[in-house]
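Trainee: Below is one structure. I have some questions about it.
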Amino acid sequence: MSYENILVTTENLPEGIALITINRPDKLNALNKQTIQELHDAFRNAEQNPSLKAILLTGSGEKAFVAGADISEFASFSIEEGAQLAAHGQELLFDFIENLRTPVIAAVNGFALGGGLELAMACHFRIASDNAKMGLPEVSLGVIPGYGGTQRLPQLIGKGKAMEMIMTAGMINADEAKSCGLVNYVVPQAELISFTTGIAQKILRNSPMAIGQAIKAVNASYKEGMDGFKTEIKAFGKCFGTEDFKEGTTAFLEKRKADFTGK
């Protein structure tokens, strides 16, 4: 598919890895309705491609991952329109990414603010460049995070620190983000994609089927009304009926490298 606001490529990457780049550098890669829809389409297509085992997400240029949402699109919205904006965006993109079976790693370069940080937090984990700055400045505009920020940020860094970040509308740098668990690694900007690719290659060594079940089980403990332990037990049992389990255990006993198919 061709897109206007994003780039999708597998070129110059190891087999099994795709890179999705938000490409609105003149707008600091701000999220508008079209970009959110294009991202949904790109992630859906990647999920449906059996040859892809990991997805990297980044922003174009050196200034921003995503500097926020496109405020001009909703500045005049009513209460009902605002609620619908959040509900539709969460379902279409943020929750959609979180629940993908294919691992998604955010490579956060530069500013990740508002909807940009919410997008990064929807990914399964995050790696930041050393110039990254992150924050949820929505209260400075008279609104609150609406794409899952009030939920995912406390889950990742704890209630107290999340409350501080949200209420002050302040930014933290990459090292602060790492110290509080918001990102896993901080690397020089020039090495961000290569380092993130290296992490993805480690993921590719393992069973895609098992990884998908692990994502489902981990996410369950953060969802209201779901019992994460019961979800884990069910997912654990399901693994025993798969080709990947048979291959993995056979390869272990035969002292060879497993050749997983994701089935």
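Residue numbering restarts at 1 in every chain; chains get A, B, ... in the order shown in the structure tokens, and ligands count up from 1 in that same order.
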Just the residues within 6 Å of Gly116 of chain A, please, counting only C-alpha atoms, with nothing from its chain fewer than 4 positions along; format it as a PDB file with N, CA and C atoms, in the first residue's frame.
Mentor:
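The resulting file, around_16.pdb, is shown below:
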ATOM      1  N   VAL A  66       7.093  11.666  17.804  1.00  0.00           N
ATOM      2  CA  VAL A  66       5.807  12.310  17.520  1.00  0.00           C
ATOM      3  C   VAL A  66       5.644  13.401  18.570  1.00  0.00           C
ATOM      4  N   ALA A  67       5.509  14.639  18.130  1.00  0.00           N
ATOM      5  CA  ALA A  67       5.465  15.759  19.074  1.00  0.00           C
ATOM      6  C   ALA A  67       4.079  15.992  19.662  1.00  0.00           C
ATOM      7  N   GLY A  68       3.111  15.154  19.297  1.00  0.00           N
ATOM      8  CA  GLY A  68       1.774  15.282  19.865  1.00  0.00           C
ATOM      9  C   GLY A  68       0.712  15.087  18.814  1.00  0.00           C
ATOM     10  N   ALA A 112       8.705  13.014  22.241  1.00  0.00           N
ATOM     11  CA  ALA A 112       7.540  12.125  22.278  1.00  0.00           C
ATOM     12  C   ALA A 112       6.595  12.731  23.303  1.00  0.00           C
TER      13      ALA A 112
END
Trainee: Based on DSSP run over this structure's backbone, return all residues of segment 79-251 of chain A in alpha helix (DSSP H), as number ranges by chain.
Mentor: A: 79-89, 95-98, 115-122, 149-157, 159-168, 174-179, 192-204, 208-220, 228-239, 243-251
Trainee: Can you work out which one of A:Glu80, A:Asp130, A:Asp70, A:Glu164 has the shortest atom-to-atom distance to Thr35 of chain A, counting only C-alpha atoms?
Mentor: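 Between A:Glu80, A:Asp130, A:Asp70, A:Glu164, the residue approaching Thr35 of chain A most closely is A:Asp70.
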Trainee: Considering only C-alpha atoms, state which residue in the set A:Ile172, A:Ser194, A:Gly82, A:Ile20 is at the smallest distance from Ala46 of chain A.
Mentor: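 Checking each of A:Ile172, A:Ser194, A:Gly82, A:Ile20 against Ala46 of chain A, counting only C-alpha atoms, the winner is A:Ile20.
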Trainee: My list of candidates is A:Thr58, A:Asn49, A:Thr231, A:Gln34. Which is closest to Ile215 of chain A when distances are computed with only C-alpha atoms?
Mentor: A:Thr231
Trainee: Counting only C-alpha atoms, figure out which residue out of A:Met121, A:Ala75, A:Met167, A:Ala64 gets nearest to Asn109 of chain A.
Mentor: A:Ala64
Trainee: Using only C-alpha atoms, can you tell me which of A:Asn206, A:Thr10, A:Thr242, A:Thr196 comes closest to Ser51 of chain A?
Mentor: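 Closest residue, counting only C-alpha atoms: A:Thr10.
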Trainee: Name the residues in contact with Ile211 of chain A at a cut-off of 8 Å, using only C-alpha atoms, excluding same-chain residues fewer than 3 positions from it; report them as a list in words.
Mentor: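 The neighbour list is Arg101, Thr102, Pro103, Asn206, Ser207, Pro208, Ala214 and Ile215 of chain A.
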Trainee: Residues as selected, C-alpha atoms, written as an mmCIF file, in the first residue's frame, can you do that?
Mentor:
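Result file out.cif:
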data_model
loop_
_atom_site.group_PDB
_atom_site.id
_atom_site.type_symbol
_atom_site.label_atom_id
_atom_site.label_comp_id
_atom_site.auth_asym_id
_atom_site.auth_seq_id
_atom_site.Cartn_x
_atom_site.Cartn_y
_atom_site.Cartn_z
ATOM 1 C CA ARG A 101 0.589 -10.715 18.421
ATOM 2 C CA THR A 102 3.627 -9.334 16.600
ATOM 3 C CA PRO A 103 6.062 -7.492 18.904
ATOM 4 C CA ASN A 206 12.104 -17.489 19.430
ATOM 5 C CA SER A 207 8.656 -18.918 18.741
ATOM 6 C CA PRO A 208 6.310 -16.318 17.195
ATOM 7 C CA ALA A 214 2.973 -14.125 26.114
ATOM 8 C CA ILE A 215 1.831 -10.669 24.955
#
Trainee: Taking only C-alpha atoms into account, which of A:Glu15, A:Glu4, A:Glu62, A:Glu191 comes nearest Glu38 of chain A?
Mentor: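 Result for the nearest residue to Glu38 of chain A: A:Glu4.
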